[in-house]
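Source file: protein-v4.cif; contents: mmCIF, C-alpha atoms.
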```
data_protein
loop_
_atom_site.group_PDB
_atom_site.id
_atom_site.type_symbol
_atom_site.label_atom_id
_atom_site.label_comp_id
_atom_site.auth_asym_id
_atom_site.auth_seq_id
_atom_site.Cartn_x
_atom_site.Cartn_y
_atom_site.Cartn_z
ATOM 1 C CA MET Y 271 -72.210 53.105 -23.383
ATOM 2 C CA LEU Y 272 -71.404 49.706 -22.180
ATOM 3 C CA GLU Y 273 -68.507 49.459 -19.954
ATOM 4 C CA GLN Y 274 -66.530 46.319 -20.261
ATOM 5 C CA GLN Y 275 -64.699 45.036 -17.331
ATOM 6 C CA ILE Y 276 -61.441 43.470 -18.192
ATOM 7 C CA ASP Y 277 -60.316 41.006 -15.630
ATOM 8 C CA CYS Y 278 -56.602 41.416 -15.798
ATOM 9 C CA PRO Y 279 -54.810 39.827 -12.913
ATOM 10 C CA THR Y 280 -52.090 42.074 -11.741
ATOM 11 C CA ARG Y 281 -50.455 39.417 -9.612
ATOM 12 C CA PRO Y 282 -50.097 35.755 -10.319
ATOM 13 C CA LYS Y 283 -51.648 33.578 -7.719
ATOM 14 C CA THR Y 284 -49.093 33.219 -5.009
ATOM 15 C CA SER Y 285 -50.460 29.942 -3.671
ATOM 16 C CA ALA Y 286 -49.951 28.257 -7.060
ATOM 17 C CA MET Y 287 -46.397 29.559 -7.239
ATOM 18 C CA ILE Y 288 -45.670 28.395 -3.725
ATOM 19 C CA MET Y 289 -47.052 24.946 -4.503
ATOM 20 C CA LYS Y 290 -44.963 24.669 -7.689
ATOM 21 C CA LEU Y 291 -41.839 25.783 -5.817
ATOM 22 C CA PHE Y 292 -42.594 23.250 -3.065
ATOM 23 C CA GLN Y 293 -42.892 20.425 -5.625
ATOM 24 C CA ILE Y 294 -39.608 21.327 -7.301
ATOM 25 C CA THR Y 295 -37.861 21.595 -3.950
ATOM 26 C CA LEU Y 296 -39.243 18.236 -2.875
ATOM 27 C CA VAL Y 297 -38.040 16.498 -6.068
ATOM 28 C CA VAL Y 298 -34.561 18.025 -5.738
ATOM 29 C CA LEU Y 299 -34.395 17.019 -2.067
ATOM 30 C CA VAL Y 300 -35.382 13.419 -2.828
ATOM 31 C CA LEU Y 301 -32.748 13.218 -5.580
ATOM 32 C CA LEU Y 302 -30.041 14.585 -3.284
ATOM 33 C CA ILE Y 303 -30.954 12.150 -0.508
ATOM 34 C CA ASN Y 304 -30.937 9.264 -2.980
ATOM 35 C CA LEU Y 305 -27.538 10.321 -4.278
ATOM 36 C CA ALA Y 306 -26.148 10.626 -0.751
ATOM 37 C CA ILE Y 307 -27.317 7.107 0.092
ATOM 38 C CA THR Y 308 -26.152 5.389 -3.099
ATOM 39 C CA PHE Y 309 -22.856 7.225 -3.524
ATOM 40 C CA PRO Y 310 -20.961 5.182 -0.891
ATOM 41 C CA SER Y 311 -21.860 1.972 -2.720
ATOM 42 C CA TRP Y 312 -20.312 3.426 -5.885
ATOM 43 C CA ALA Y 313 -17.133 4.123 -3.962
ATOM 44 C CA GLU Y 314 -16.305 0.458 -3.483
ATOM 45 C CA ARG Y 315 -12.851 -0.348 -4.636
ATOM 46 C CA ALA Y 316 -12.617 -1.732 -8.127
ATOM 47 C CA PRO Y 317 -11.076 -5.187 -8.214
ATOM 48 C CA SER Y 318 -7.382 -5.084 -8.880
ATOM 49 C CA LEU Y 319 -6.659 -6.701 -12.216
ATOM 50 C CA THR Y 320 -3.194 -7.849 -11.204
ATOM 51 C CA SER Y 321 -4.474 -9.694 -8.116
ATOM 52 C CA ASN Y 322 -7.247 -11.372 -10.125
ATOM 53 C CA PRO Y 323 -6.196 -14.929 -11.093
ATOM 54 C CA ASN Y 324 -8.101 -14.638 -14.387
ATOM 55 C CA TYR Y 325 -6.124 -11.582 -15.456
ATOM 56 C CA PHE Y 326 -3.907 -12.107 -18.480
ATOM 57 C CA GLN Y 327 -1.293 -9.977 -20.214
ATOM 58 C CA VAL Y 328 -0.050 -10.077 -23.787
ATOM 59 C CA GLY Y 329 3.025 -12.320 -23.955
ATOM 60 C CA GLN Y 330 2.095 -14.263 -20.816
ATOM 61 C CA LYS Y 331 2.608 -18.029 -20.849
ATOM 62 C CA VAL Y 332 -0.635 -19.899 -20.125
ATOM 63 C CA VAL Y 333 -2.051 -23.410 -20.232
ATOM 64 C CA TRP Y 334 -5.122 -23.980 -22.389
ATOM 65 C CA LEU Y 335 -7.525 -26.546 -20.931
ATOM 66 C CA TYR Y 336 -8.730 -28.012 -24.226
ATOM 67 C CA LYS Y 337 -11.633 -30.430 -24.621
ATOM 68 C CA ALA Y 338 -11.869 -32.144 -27.996
ATOM 69 C CA ARG Y 339 -15.623 -32.633 -27.543
ATOM 70 C CA THR Y 340 -18.052 -30.964 -25.179
ATOM 71 C CA ASP Y 341 -19.393 -34.299 -23.912
ATOM 72 C CA SER Y 342 -15.885 -35.651 -23.287
ATOM 73 C CA ASN Y 343 -14.308 -35.739 -19.835
ATOM 74 C CA ASP Y 344 -10.758 -35.736 -21.203
ATOM 75 C CA ILE Y 345 -9.040 -32.365 -20.862
ATOM 76 C CA GLN Y 346 -5.773 -31.731 -22.651
ATOM 77 C CA ARG Y 347 -3.390 -29.208 -21.115
ATOM 78 C CA ILE Y 348 -1.797 -27.322 -24.009
ATOM 79 C CA PRO Y 349 0.927 -24.689 -23.385
ATOM 80 C CA ALA Y 350 0.234 -21.400 -25.135
ATOM 81 C CA GLU Y 351 1.036 -17.688 -25.130
ATOM 82 C CA VAL Y 352 -1.410 -14.769 -24.923
ATOM 83 C CA VAL Y 353 -1.460 -12.728 -28.155
ATOM 84 C CA LYS Y 354 -4.508 -10.426 -27.869
ATOM 85 C CA LEU Y 355 -7.105 -9.542 -25.263
ATOM 86 C CA SER Y 356 -10.736 -8.617 -25.710
ATOM 87 C CA SER Y 357 -13.548 -8.068 -23.241
ATOM 88 C CA LYS Y 358 -14.852 -11.641 -23.541
ATOM 89 C CA GLN Y 359 -12.101 -13.741 -25.107
ATOM 90 C CA VAL Y 360 -8.341 -14.134 -25.198
ATOM 91 C CA GLN Y 361 -6.381 -14.903 -28.346
ATOM 92 C CA ILE Y 362 -3.602 -17.399 -27.725
ATOM 93 C CA LYS Y 363 -0.730 -18.713 -29.823
ATOM 94 C CA VAL Y 364 -0.451 -22.509 -29.756
ATOM 95 C CA TYR Y 365 2.758 -24.086 -31.048
ATOM 96 C CA LYS Y 366 2.601 -27.151 -33.272
ATOM 97 C CA HIS Y 367 5.165 -29.942 -33.505
ATOM 98 C CA ASN Y 368 6.770 -28.586 -36.685
ATOM 99 C CA ASN Y 369 7.694 -25.188 -35.114
ATOM 100 C CA GLU Y 370 4.616 -23.504 -36.571
ATOM 101 C CA PHE Y 371 1.890 -21.906 -34.527
ATOM 102 C CA VAL Y 372 -1.865 -21.353 -34.684
ATOM 103 C CA ASN Y 373 -3.829 -18.501 -33.107
ATOM 104 C CA ARG Y 374 -7.096 -19.378 -31.348
ATOM 105 C CA TRP Y 375 -9.707 -17.249 -29.589
ATOM 106 C CA VAL Y 376 -10.640 -18.951 -26.312
ATOM 107 C CA ASN Y 377 -12.716 -18.249 -23.248
ATOM 108 C CA PRO Y 378 -10.526 -16.968 -20.376
ATOM 109 C CA ASN Y 379 -12.129 -19.583 -18.107
ATOM 110 C CA LYS Y 380 -10.391 -22.248 -20.205
ATOM 111 C CA LEU Y 381 -6.945 -20.813 -19.426
ATOM 112 C CA GLU Y 382 -4.643 -21.164 -16.444
ATOM 113 C CA ASN Y 383 -1.611 -19.105 -15.573
ATOM 114 C CA SER Y 384 1.497 -21.188 -16.166
ATOM 115 C CA GLN Y 385 2.878 -19.896 -12.833
ATOM 116 C CA LYS Y 386 -0.120 -21.381 -11.039
ATOM 117 C CA VAL Y 387 0.589 -24.745 -12.668
ATOM 118 C CA LYS Y 388 4.269 -24.668 -11.658
ATOM 119 C CA ARG Y 389 3.362 -23.837 -8.047
ATOM 120 C CA SER Y 390 0.821 -26.649 -7.838
ATOM 121 C CA VAL Y 391 3.365 -29.169 -9.181
ATOM 122 C CA LEU Y 392 5.939 -28.172 -6.563
#
```
Rewrite the coordinates I just gave you, this time as structure tokens.
Amino acid sequence: MLEQQIDCPTRPKTSAMIMKLFQITLVVLVLLINLAITFPSWAERAPSLTSNPNYFQVGQKVVWLYKARTDSNDIQRIPAEVVKLSSKQVQIKVYKHNNEFVNRWVNPNKLENSQKVKRSVL
């Protein structure tokens, strides 16, 4: 009868396994080196919010630098109080002449600390 030869590898090819292991090791090594180099840049100190002049707290007295029109050069300095904070804007309470107030959302760049104003006047 016909004998069939069955080619059944008993061992996987070791050179292919070694090459695959080498590739994995190389990728892991590159990632570790990259992490070791970039990690010190992550460790920079975060800016202190209290030392930042643009940092505001709820209840803080501020001065709103208000422009009636964008093309105008006249800036009105309106005293206000911080009511709410968001990531991009600050809500302030502006007092009217008749003891009422209005809340406005403004850009923090349009606000000054009232302490800074008092120091500059002195």
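Taken over the whole file, the PyMOL selection byres ((chain Y and resi 372) around 12) covers exactly Ala350, Glu351, Val352, Val353, Gln361, Ile362, Lys363, Val364, Tyr365, Lys366, His367, Asn368, Asn369, Glu370, Phe371, Asn373, Arg374 and Trp375 of chain Y.
Taken over the whole file, the PyMOL selection byres ((chain Y and resi 376) around 6) covers exactly Gln359, Val360, Trp375 and Asn377 of chain Y.
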Determine, using all atoms listed in the file, which residues of region 300-385 of chain Y have any atom at most 10 Å from an atom of region 288-296 of chain Y, and tabulate each with its shortest atom pair and distance in Å to one decimal place, rows ordered by chain and then rising number, as a Markdown table.
```
| residue | atom | partner | partner_atom | distance |
| --- | --- | --- | --- | --- |
| Y:Val300 | CA | Y:Leu296 | CA | 6.2 |
| Y:Leu301 | CA | Y:Leu296 | CA | 8.6 |
| Y:Leu302 | CA | Y:Leu296 | CA | 9.9 |
```
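CA of Thr340 (chain Y) sits 24.1 Å away from CA of Leu355 (chain Y).
CA of Gly329 (chain Y) sits 15.8 Å away from CA of Ile348 (chain Y).
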Which residue of Y:Lys283, Y:Lys354, Y:Arg347, Y:Lys337 approaches Ser384 (chain Y) most closely, using all atoms listed in the file: Y:Arg347
Output check: residues returned by the PyMOL selection byres ((chain Y and resi 346) around 12), as a count of residues only: 16
